[in-house]
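Enquirer: Structure below; questions to follow.
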Amino acid sequence: MSAPPEPVSTTDEPHLSRQLSNRHIQLIAIGGAIGTGLFMGSGKTISLAGPSVIFVYMIIGFMLFFVMRAMGELLLSNLHYKSFADFAADLLGPWAGFFTGWTYWFCWIVTGIADIIAISGYVRYWWSDVPLWIPALAAILALLLLNLPTVRAFGETEFWFALIKIVAIVSLIVVGLVMIIGGFTAPNGATAGFDNLWNDGGFFPTGPMGFVAGFQIAVFAFVGIELVGTTAAEAKDPEKNLPKAINSIPIRVLLFYVAALVVIMAVTPWREIEAGRSPFVAMFTLAGLGIAASVINFVVLTSAASSANSGIYSTSRMVYGLAQEGDAPAALGRLNRRRVPANALMFSCMFLLSAIVLLFAGDSVIEAFTLVTTISALLFMFVWSIILASYLRYRKRRPDLHEASTFKMPGGVPMVWVVYAFFAFIVWALTQETDTLEALLVTPIWFAVLGVAWAVIRRSPEHRARYAAFRKDLEDEAAAEQAARD
């Protein structure tokens, strides 16, 4: 199947180029879903929930699969949508595009800050005396340089980053299984075996509230799962590649989250897993495989870099789209000669520098990490909720497109409300711990700032003109697709 033509615009400005192939899209989707939250945050999640963390990850993955299917159906209903902010603006109104686009930008800035903090912590594994700001600054500069070439260069970088993660997790599972089958005994006398999952208080050793607390950090492990939605404008053959990437989510959750954590807790009894340390590194260190532990530490460092790299990519494209619709300064909507939004890239990288401030403000890396990950998880839930709200409006206003869709969301409208109920449960769970409650109380400040900005921008003649042009492009594209079907 040949790639669809570049979208036609009412302007003569260059467009984002469709250079991301199937292998890029697949690995970007995996890279977005396997990030710092799994490698670094899973230690704290296990300490809170014990073995029941397995069910925590399965439940979150199950619910978010439906969010991704709703997003996929909407993106494929009109190939002129550059991202989910576009269909939010089209279906819910310009305010939704503004709030979704800027919130998603802020989501990834906050996530990028968490990744930079994690990178600084990982570097200390080798150089314990290095000032934290040095690896933080080096990582930010590297991210900028990785994203300035063509989008294909980004795709290749992320492809190899994600491949390293996959190889590492599969290797961890294989090595862990060998240790379990061989009856490995740790220096403290603990023997590896699957019975470690239930022989110390059962699957729910910390009780119902411990299970609930596990959701707080675990949600952050899934941020970025919607990243494939920001590649829509730069994907070759999106009608084939986006569904394949989205449908693989359940398999990725079972393999990369559930299987890896089952093996880790079978080798290392859950009470011995430290909250502030990556259990991936700890497992190999416990086995006496010092070199392997060093390699795994390098892998989790590249994982954090991969997540931050994906974030910088997505924020630059989101800001570019906002500028196209008049919701951001026009300069951020310009592409360089390689059709990369270089201004938007540098704009986002500037804000990552606040990671350095956070590193000095907190008492520890994990303390700073918990604060920013909770804020990030809340903001991502807002974005996921807007995707679902857009789906509800789409079902009501565009029933013909839903009927014609070859990638319908399973469960339809009733499943949307099930996922909304789950999100309400997550927000309640975040109120149960002091550190996450603090982040929950701070987050509304962001929406207050956005509300003030929207009150000013919505009256701008330039915003109205550019939004009208955006709507005309969408209508022209929809008319062209309908004519092709007829």
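Residue numbering restarts at 1 in every chain; chains get A, B, ... in the order shown in the structure tokens, and ligands count up from 1 in that same order.
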Can you tell me which residues surround Leu450 of chain A at a distance of at most 9 Å, considering only C-alpha atoms, apart from same-chain residues fewer than 6 positions away, and format the answer as a PyMOL selection string?
Expert: chain A and resi 98-99+102-103
Enquirer: Applying 10 Å and only C-alpha atoms, which residues near Val419 of chain A remain after dropping the ones on its own chain fewer than 5 positions away? List them as a PyMOL selection string.
Expert: chain A and resi 60+62-67+384-385+388+414+424-425
Enquirer: Just write the chosen residues, N, CA and C atoms, as a PDB file, in the first residue's frame.
Expert:
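As a result, result_14.pdb now contains:
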```
ATOM      1  N   ILE A  60      -4.162  -0.780  34.641  1.00  0.00           N
ATOM      2  CA  ILE A  60      -3.895   0.502  33.969  1.00  0.00           C
ATOM      3  C   ILE A  60      -3.717   0.286  32.469  1.00  0.00           C
ATOM      4  N   PHE A  62      -4.924  -2.106  30.617  1.00  0.00           N
ATOM      5  CA  PHE A  62      -6.223  -2.461  30.034  1.00  0.00           C
ATOM      6  C   PHE A  62      -7.052  -1.213  29.771  1.00  0.00           C
ATOM      7  N   MET A  63      -7.133  -0.325  30.748  1.00  0.00           N
ATOM      8  CA  MET A  63      -7.943   0.896  30.599  1.00  0.00           C
ATOM      9  C   MET A  63      -7.378   1.821  29.516  1.00  0.00           C
ATOM     10  N   LEU A  64      -6.068   1.988  29.495  1.00  0.00           N
ATOM     11  CA  LEU A  64      -5.484   2.926  28.532  1.00  0.00           C
ATOM     12  C   LEU A  64      -5.527   2.390  27.103  1.00  0.00           C
ATOM     13  N   PHE A  65      -5.657   1.093  26.948  1.00  0.00           N
ATOM     14  CA  PHE A  65      -5.820   0.521  25.613  1.00  0.00           C
ATOM     15  C   PHE A  65      -7.049   1.123  24.929  1.00  0.00           C
ATOM     16  N   PHE A  66      -8.122   1.321  25.676  1.00  0.00           N
ATOM     17  CA  PHE A  66      -9.346   1.877  25.096  1.00  0.00           C
ATOM     18  C   PHE A  66      -9.190   3.360  24.763  1.00  0.00           C
ATOM     19  N   VAL A  67      -8.397   4.069  25.564  1.00  0.00           N
ATOM     20  CA  VAL A  67      -8.102   5.469  25.228  1.00  0.00           C
ATOM     21  C   VAL A  67      -7.375   5.526  23.889  1.00  0.00           C
ATOM     22  N   TRP A 384      -5.844  12.441  28.310  1.00  0.00           N
ATOM     23  CA  TRP A 384      -6.564  11.214  27.961  1.00  0.00           C
ATOM     24  C   TRP A 384      -8.076  11.430  28.065  1.00  0.00           C
ATOM     25  N   SER A 385      -8.502  12.214  29.055  1.00  0.00           N
ATOM     26  CA  SER A 385      -9.933  12.493  29.221  1.00  0.00           C
ATOM     27  C   SER A 385     -10.479  13.319  28.061  1.00  0.00           C
ATOM     28  N   LEU A 388     -11.119  11.074  25.133  1.00  0.00           N
ATOM     29  CA  LEU A 388     -12.386  10.357  25.286  1.00  0.00           C
ATOM     30  C   LEU A 388     -13.593  11.277  25.063  1.00  0.00           C
ATOM     31  N   PRO A 414     -20.174   3.095  26.117  1.00  0.00           N
ATOM     32  CA  PRO A 414     -20.175   2.612  27.509  1.00  0.00           C
ATOM     33  C   PRO A 414     -18.762   2.446  28.078  1.00  0.00           C
ATOM     34  N   ALA A 424     -11.318   8.670  37.855  1.00  0.00           N
ATOM     35  CA  ALA A 424     -11.781   9.258  39.121  1.00  0.00           C
ATOM     36  C   ALA A 424     -11.171   8.494  40.300  1.00  0.00           C
ATOM     37  N   PHE A 425     -11.079   7.181  40.175  1.00  0.00           N
ATOM     38  CA  PHE A 425     -10.457   6.349  41.217  1.00  0.00           C
ATOM     39  C   PHE A 425      -8.983   6.737  41.389  1.00  0.00           C
TER      40      PHE A 425
END
```
Enquirer: Counting only C-alpha atoms, what is within 12 Å of Gly189 of chain A, bar same-chain residues fewer than 6 positions away, as a JSON list (two decimals) with all heavy atoms, in the first residue's frame?
Expert:
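Printed below is result-v3.json as written:
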```json
[["chain", "number", "residue", "atom", "x", "y", "z"],
["A", 183, "GLY", "N", 17.44, -22.21, 41.20],
["A", 183, "GLY", "CA", 17.34, -22.06, 42.66],
["A", 183, "GLY", "C", 18.39, -21.15, 43.24],
["A", 183, "GLY", "O", 18.98, -21.43, 44.29],
["A", 267, "VAL", "N", 12.88, -13.34, 41.98],
["A", 267, "VAL", "CA", 14.30, -13.43, 42.33],
["A", 267, "VAL", "C", 14.59, -12.71, 43.65],
["A", 267, "VAL", "O", 15.31, -13.22, 44.51],
["A", 267, "VAL", "CB", 15.17, -12.83, 41.20],
["A", 267, "VAL", "CG1", 16.64, -12.73, 41.63],
["A", 267, "VAL", "CG2", 15.06, -13.68, 39.94],
["A", 268, "THR", "N", 14.00, -11.52, 43.81],
["A", 268, "THR", "CA", 14.22, -10.71, 45.01],
["A", 268, "THR", "C", 12.90, -10.55, 45.76],
["A", 268, "THR", "O", 11.98, -9.92, 45.25],
["A", 268, "THR", "CB", 14.75, -9.31, 44.64],
["A", 268, "THR", "OG1", 15.88, -9.45, 43.79],
["A", 268, "THR", "CG2", 15.14, -8.53, 45.88],
["A", 269, "PRO", "N", 12.75, -11.12, 46.95],
["A", 269, "PRO", "CA", 11.51, -10.93, 47.72],
["A", 269, "PRO", "C", 11.15, -9.44, 47.80],
["A", 269, "PRO", "O", 12.02, -8.59, 47.99],
["A", 269, "PRO", "CB", 11.87, -11.49, 49.11],
["A", 269, "PRO", "CG", 12.91, -12.53, 48.82],
["A", 269, "PRO", "CD", 13.72, -11.96, 47.68],
["A", 272, "GLU", "N", 12.60, -6.69, 50.08],
["A", 272, "GLU", "CA", 14.00, -6.33, 49.97],
["A", 272, "GLU", "C", 14.28, -5.37, 48.81],
["A", 272, "GLU", "O", 15.41, -4.97, 48.59],
["A", 272, "GLU", "CB", 14.84, -7.60, 49.80],
["A", 272, "GLU", "CG", 14.77, -8.51, 51.02],
["A", 272, "GLU", "CD", 15.53, -9.80, 50.81],
["A", 272, "GLU", "OE1", 16.40, -9.83, 49.92],
["A", 272, "GLU", "OE2", 15.24, -10.79, 51.53],
["A", 286, "LEU", "N", 22.48, -8.04, 43.02],
["A", 286, "LEU", "CA", 22.24, -9.09, 44.00],
["A", 286, "LEU", "C", 22.81, -10.42, 43.54],
["A", 286, "LEU", "O", 23.33, -11.21, 44.33],
["A", 286, "LEU", "CB", 20.74, -9.23, 44.25],
["A", 286, "LEU", "CG", 20.29, -10.26, 45.29],
["A", 286, "LEU", "CD1", 20.74, -9.81, 46.68],
["A", 286, "LEU", "CD2", 18.79, -10.43, 45.25]]
```
Enquirer: Neighbours of Arg124 of chain A within 12 Å (only C-alpha atoms; same-chain residues fewer than 4 positions away dropped), as a list in words?
Expert: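 Using only C-alpha atoms, the neighbours found are Ile117, Ala118, Ile119, Ser120, Ser128, Asp129, Val130, Pro131, Leu132, Trp133, Ile134, Pro135, Ala136, Arg277, Ser294, Asn297, Phe298, Leu301 and Val365 of chain A.
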Enquirer: Go ahead and dump the residues you just picked, all heavy atoms, as a CSV table (one decimal), in the first residue's frame.
Expert:
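Saved file part-v2.csv follows:
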```
chain,number,residue,atom,x,y,z
A,117,ILE,N,16.2,14.4,35.7
A,117,ILE,CA,16.5,14.1,37.1
A,117,ILE,C,17.0,12.6,37.2
A,117,ILE,O,18.0,12.3,37.9
A,117,ILE,CB,15.3,14.3,38.0
A,117,ILE,CG1,15.0,15.8,38.1
A,117,ILE,CG2,15.5,13.7,39.4
A,117,ILE,CD1,13.7,16.2,38.8
A,118,ALA,N,16.3,11.7,36.5
A,118,ALA,CA,16.6,10.3,36.6
A,118,ALA,C,18.0,10.0,36.0
A,118,ALA,O,18.8,9.3,36.5
A,118,ALA,CB,15.6,9.4,35.9
A,119,ILE,N,18.3,10.7,34.8
A,119,ILE,CA,19.6,10.5,34.2
A,119,ILE,C,20.7,11.0,35.1
A,119,ILE,O,21.7,10.3,35.2
A,119,ILE,CB,19.6,11.4,32.9
A,119,ILE,CG1,18.7,10.7,31.8
A,119,ILE,CG2,21.0,11.5,32.3
A,119,ILE,CD1,18.5,11.6,30.6
A,120,SER,N,20.5,12.1,35.8
A,120,SER,CA,21.5,12.5,36.8
A,120,SER,C,21.7,11.5,37.9
A,120,SER,O,22.9,11.3,38.3
A,120,SER,CB,21.0,13.9,37.4
A,120,SER,OG,20.9,14.9,36.4
A,128,SER,N,30.1,9.0,41.5
A,128,SER,CA,29.2,9.4,42.7
A,128,SER,C,29.5,10.8,43.1
A,128,SER,O,28.7,11.4,43.8
A,128,SER,CB,29.5,8.5,43.8
A,128,SER,OG,30.9,8.4,44.2
A,129,ASP,N,30.7,11.4,42.7
A,129,ASP,CA,31.0,12.7,43.2
A,129,ASP,C,30.7,13.8,42.1
A,129,ASP,O,30.9,15.0,42.4
A,129,ASP,CB,32.5,12.8,43.5
A,129,ASP,CG,32.9,11.9,44.7
A,129,ASP,OD1,32.0,11.7,45.5
A,129,ASP,OD2,34.0,11.4,44.7
A,130,VAL,N,30.2,13.4,40.9
A,130,VAL,CA,29.9,14.4,39.9
A,130,VAL,C,28.7,15.3,40.3
A,130,VAL,O,27.7,14.8,40.8
A,130,VAL,CB,29.7,13.8,38.5
A,130,VAL,CG1,28.4,13.0,38.5
A,130,VAL,CG2,29.7,14.8,37.4
A,131,PRO,N,28.8,16.6,40.2
A,131,PRO,CA,27.7,17.5,40.5
A,131,PRO,C,26.5,17.1,39.6
A,131,PRO,O,26.7,16.9,38.4
A,131,PRO,CB,28.2,18.9,40.1
A,131,PRO,CG,29.7,18.8,40.3
A,131,PRO,CD,30.0,17.4,39.8
A,132,LEU,N,25.3,17.1,40.1
A,132,LEU,CA,24.1,16.6,39.4
A,132,LEU,C,23.8,17.5,38.2
A,132,LEU,O,23.3,17.0,37.2
A,132,LEU,CB,22.9,16.5,40.3
A,132,LEU,CG,22.9,15.4,41.3
A,132,LEU,CD1,21.8,15.6,42.3
A,132,LEU,CD2,22.9,14.0,40.7
A,133,TRP,N,24.2,18.8,38.2
A,133,TRP,CA,23.8,19.7,37.2
A,133,TRP,C,24.6,19.4,35.9
A,133,TRP,O,24.1,19.7,34.8
A,133,TRP,CB,24.0,21.1,37.6
A,133,TRP,CG,25.5,21.6,37.8
A,133,TRP,CD1,26.2,21.5,38.9
A,133,TRP,CD2,26.3,22.1,36.7
A,133,TRP,NE1,27.4,22.0,38.7
A,133,TRP,CE2,27.6,22.3,37.4
A,133,TRP,CE3,26.2,22.3,35.4
A,133,TRP,CZ2,28.7,22.8,36.7
A,133,TRP,CZ3,27.3,22.8,34.7
A,133,TRP,CH2,28.5,23.0,35.3
A,134,ILE,N,25.8,18.8,36.0
A,134,ILE,CA,26.6,18.5,34.8
A,134,ILE,C,25.9,17.5,33.9
A,134,ILE,O,25.7,17.8,32.7
A,134,ILE,CB,28.0,18.1,35.2
A,134,ILE,CG1,28.7,19.3,35.8
A,134,ILE,CG2,28.8,17.6,33.9
A,134,ILE,CD1,30.1,18.9,36.3
A,135,PRO,N,25.5,16.3,34.3
A,135,PRO,CA,24.8,15.3,33.5
A,135,PRO,C,23.5,15.9,33.0
A,135,PRO,O,23.0,15.6,31.9
A,135,PRO,CB,24.7,14.1,34.3
A,135,PRO,CG,24.9,14.5,35.7
A,135,PRO,CD,25.8,15.6,35.7
A,136,ALA,N,22.8,16.7,33.8
A,136,ALA,CA,21.5,17.2,33.5
A,136,ALA,C,21.7,18.2,32.3
A,136,ALA,O,20.9,18.1,31.3
A,136,ALA,CB,20.9,18.0,34.7
A,277,ARG,N,15.6,2.9,44.5
A,277,ARG,CA,16.6,2.3,43.6
A,277,ARG,C,16.0,1.5,42.5
A,277,ARG,O,14.9,0.8,42.8
A,277,ARG,CB,17.6,1.4,44.4
A,277,ARG,CG,18.7,0.8,43.7
A,277,ARG,CD,19.6,-0.1,44.6
A,277,ARG,NE,20.7,-0.6,43.9
A,277,ARG,CZ,21.5,-1.6,44.3
A,277,ARG,NH1,21.2,-2.2,45.4
A,277,ARG,NH2,22.6,-2.0,43.7
A,294,SER,N,26.1,-3.0,35.7
A,294,SER,CA,26.6,-1.7,35.1
A,294,SER,C,25.9,-1.5,33.7
A,294,SER,O,25.5,-0.4,33.4
A,294,SER,CB,28.1,-1.7,35.0
A,294,SER,OG,28.6,-0.5,34.6
A,297,ASN,N,22.4,-0.6,34.2
A,297,ASN,CA,22.3,0.8,34.6
A,297,ASN,C,22.4,1.7,33.3
A,297,ASN,O,21.7,2.7,33.2
A,297,ASN,CB,23.3,1.2,35.6
A,297,ASN,CG,23.1,2.5,36.3
A,297,ASN,OD1,22.2,2.5,37.2
A,297,ASN,ND2,23.8,3.5,35.9
A,298,PHE,N,23.3,1.3,32.4
A,298,PHE,CA,23.4,2.1,31.2
A,298,PHE,C,22.1,2.0,30.4
A,298,PHE,O,21.7,3.0,29.8
A,298,PHE,CB,24.6,1.5,30.3
A,298,PHE,CG,24.7,2.1,29.0
A,298,PHE,CD1,25.1,3.4,28.8
A,298,PHE,CD2,24.2,1.4,27.9
A,298,PHE,CE1,25.2,4.0,27.5
A,298,PHE,CE2,24.3,1.9,26.6
A,298,PHE,CZ,24.8,3.2,26.4
A,301,LEU,N,19.6,4.2,31.9
A,301,LEU,CA,19.9,5.6,31.5
A,301,LEU,C,19.5,6.0,30.1
A,301,LEU,O,18.9,7.0,29.9
A,301,LEU,CB,21.4,5.8,31.7
A,301,LEU,CG,22.0,7.2,31.6
A,301,LEU,CD1,23.3,7.4,32.4
A,301,LEU,CD2,22.3,7.7,30.2
A,365,VAL,N,17.0,12.5,44.9
A,365,VAL,CA,16.6,12.4,43.5
A,365,VAL,C,15.1,11.8,43.5
A,365,VAL,O,14.3,12.3,42.7
A,365,VAL,CB,17.5,11.5,42.7
A,365,VAL,CG1,16.9,11.1,41.3
A,365,VAL,CG2,18.9,12.2,42.5
```
Enquirer: Just checking: using only C-alpha atoms, which residue out of A:Trp446, A:Tyr125, A:Phe423, A:Phe55 ends up closest to Ile296 of chain A?
Expert: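 The answer is A:Tyr125, which sits nearest to Ile296 of chain A.
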Enquirer: Near segment 209-211 of chain A, counting only C-alpha atoms, which residues have an atom at most 7 Å away, once you skip same-chain residues fewer than 5 positions from it, shown as a ChimeraX atom specification?
Expert: /A:48-49,52,204
Enquirer: Let me see the file: selected residues, N, CA, C and O atoms, as a PDB file, in the first residue's frame.
Expert:
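Everything below was put into again-v5.pdb:
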```
ATOM      1  N   LEU A  48       5.249  -0.196  47.891  1.00  0.00           N
ATOM      2  CA  LEU A  48       3.921   0.225  48.350  1.00  0.00           C
ATOM      3  C   LEU A  48       2.890  -0.893  48.261  1.00  0.00           C
ATOM      4  O   LEU A  48       2.075  -1.076  49.156  1.00  0.00           O
ATOM      5  N   ALA A  49       2.907  -1.623  47.139  1.00  0.00           N
ATOM      6  CA  ALA A  49       1.830  -2.574  46.846  1.00  0.00           C
ATOM      7  C   ALA A  49       2.241  -4.036  46.967  1.00  0.00           C
ATOM      8  O   ALA A  49       1.371  -4.906  46.982  1.00  0.00           O
ATOM      9  N   SER A  52       1.041  -7.331  44.415  1.00  0.00           N
ATOM     10  CA  SER A  52      -0.190  -6.890  43.750  1.00  0.00           C
ATOM     11  C   SER A  52       0.080  -5.830  42.690  1.00  0.00           C
ATOM     12  O   SER A  52      -0.800  -5.492  41.900  1.00  0.00           O
ATOM     13  N   PHE A 204      -1.460  -9.516  48.249  1.00  0.00           N
ATOM     14  CA  PHE A 204      -1.830  -8.181  48.743  1.00  0.00           C
ATOM     15  C   PHE A 204      -1.325  -8.001  50.180  1.00  0.00           C
ATOM     16  O   PHE A 204      -2.102  -7.795  51.111  1.00  0.00           O
TER      17      PHE A 204
END
```
Enquirer: In Å, with one decimal, what is the gap from atom CA of Pro205 of chain A to atom CA of Glu438 of chain A?
Expert: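 Distance reported for this atom pair: 26.4 Å.
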Enquirer: May I ask for the distance between atom CA of Lys244 of chain A and atom CA of Met68 of chain A, given in Å to one decimal place?
Expert: 11.6 Å
Enquirer: Counting only C-alpha atoms, which of A:Ala453, A:Arg398, A:Met265, A:Gln324 gets nearest to Arg471 of chain A?
Expert: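 Looking only at the distances to Arg471 of chain A, the closest residue turns out to be A:Gln324.
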Enquirer: If I take atom CA of Ile426 of chain A and atom CA of Ala221 of chain A, how far is one from the other in Å, to one decimal?
Expert: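 Taking atom CA of Ile426 of chain A as the start and atom CA of Ala221 of chain A as the end point, the length is 13.8 Å.
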Enquirer: For Leu143 of chain A, work out the shell of residues within 9 Å, counting only C-alpha atoms and skipping chain neighbours fewer than 5 positions away, then give it as a ChimeraX atom specification.
Expert: /A:138,148,305,308-309,312,349
Enquirer: The selected residues should be written to file as a PDB file, in the first residue's frame (atoms: N, CA, C and O atoms).
Expert:
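Once written, out.pdb looks like this:
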```
ATOM      1  N   ALA A 138      24.218  18.308  30.118  1.00  0.00           N
ATOM      2  CA  ALA A 138      24.712  17.552  28.967  1.00  0.00           C
ATOM      3  C   ALA A 138      23.577  16.810  28.271  1.00  0.00           C
ATOM      4  O   ALA A 138      23.513  16.753  27.032  1.00  0.00           O
ATOM      5  N   LEU A 148      17.274  18.137  16.012  1.00  0.00           N
ATOM      6  CA  LEU A 148      17.368  19.187  14.988  1.00  0.00           C
ATOM      7  C   LEU A 148      17.480  18.675  13.553  1.00  0.00           C
ATOM      8  O   LEU A 148      17.031  19.355  12.634  1.00  0.00           O
ATOM      9  N   ALA A 305      16.747   8.677  28.637  1.00  0.00           N
ATOM     10  CA  ALA A 305      17.082   9.564  27.522  1.00  0.00           C
ATOM     11  C   ALA A 305      16.099   9.377  26.375  1.00  0.00           C
ATOM     12  O   ALA A 305      15.692  10.340  25.718  1.00  0.00           O
ATOM     13  N   ALA A 308      12.817  11.103  27.306  1.00  0.00           N
ATOM     14  CA  ALA A 308      12.972  12.555  27.160  1.00  0.00           C
ATOM     15  C   ALA A 308      13.061  12.953  25.690  1.00  0.00           C
ATOM     16  O   ALA A 308      12.508  13.974  25.272  1.00  0.00           O
ATOM     17  N   ASN A 309      13.731  12.130  24.890  1.00  0.00           N
ATOM     18  CA  ASN A 309      13.859  12.385  23.454  1.00  0.00           C
ATOM     19  C   ASN A 309      12.482  12.378  22.789  1.00  0.00           C
ATOM     20  O   ASN A 309      12.151  13.256  21.989  1.00  0.00           O
ATOM     21  N   ILE A 312      10.617  15.580  23.811  1.00  0.00           N
ATOM     22  CA  ILE A 312      11.031  16.782  23.077  1.00  0.00           C
ATOM     23  C   ILE A 312      10.449  16.769  21.667  1.00  0.00           C
ATOM     24  O   ILE A 312      10.000  17.789  21.141  1.00  0.00           O
ATOM     25  N   CYS A 349      13.250  22.915  24.871  1.00  0.00           N
ATOM     26  CA  CYS A 349      14.493  22.570  25.579  1.00  0.00           C
ATOM     27  C   CYS A 349      14.838  23.587  26.662  1.00  0.00           C
ATOM     28  O   CYS A 349      15.406  23.233  27.708  1.00  0.00           O
TER      29      CYS A 349
END
```
Enquirer: Identify, on the basis of only C-alpha atoms, every residue whose closest approach to Thr373 of chain A does not exceed 10 Å; exclude the query and any residue fewer than 5 positions from it along the same chain; express the result as a ChimeraX atom specification.
Expert: /A:36-37,41,107,110-115,216-221,223,368,378-379,436,439
Enquirer: Using DSSP assignments from the backbone, pull out every residue in segment 125-307 of chain A that falls under helix (DSSP H, G or I) and give it to me as a PyMOL selection string.
Expert: chain A and resi 133-147+151-181+194-197+207-221+227-234+238-247+249-267+270-272+279-286+290-307
Enquirer: Ranking A:Asp327, A:Glu73, A:Asp473, A:Glu274 by minimum distance to Gly412 of chain A and counting only C-alpha atoms, which one comes first?
Expert: A:Glu73
Enquirer: Here is a test: counting only C-alpha atoms, which residue of A:Leu177, A:Val295, A:Leu227, A:Met381 is nearest to Phe422 of chain A?
Expert: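 The closest residue to Phe422 of chain A is A:Met381.
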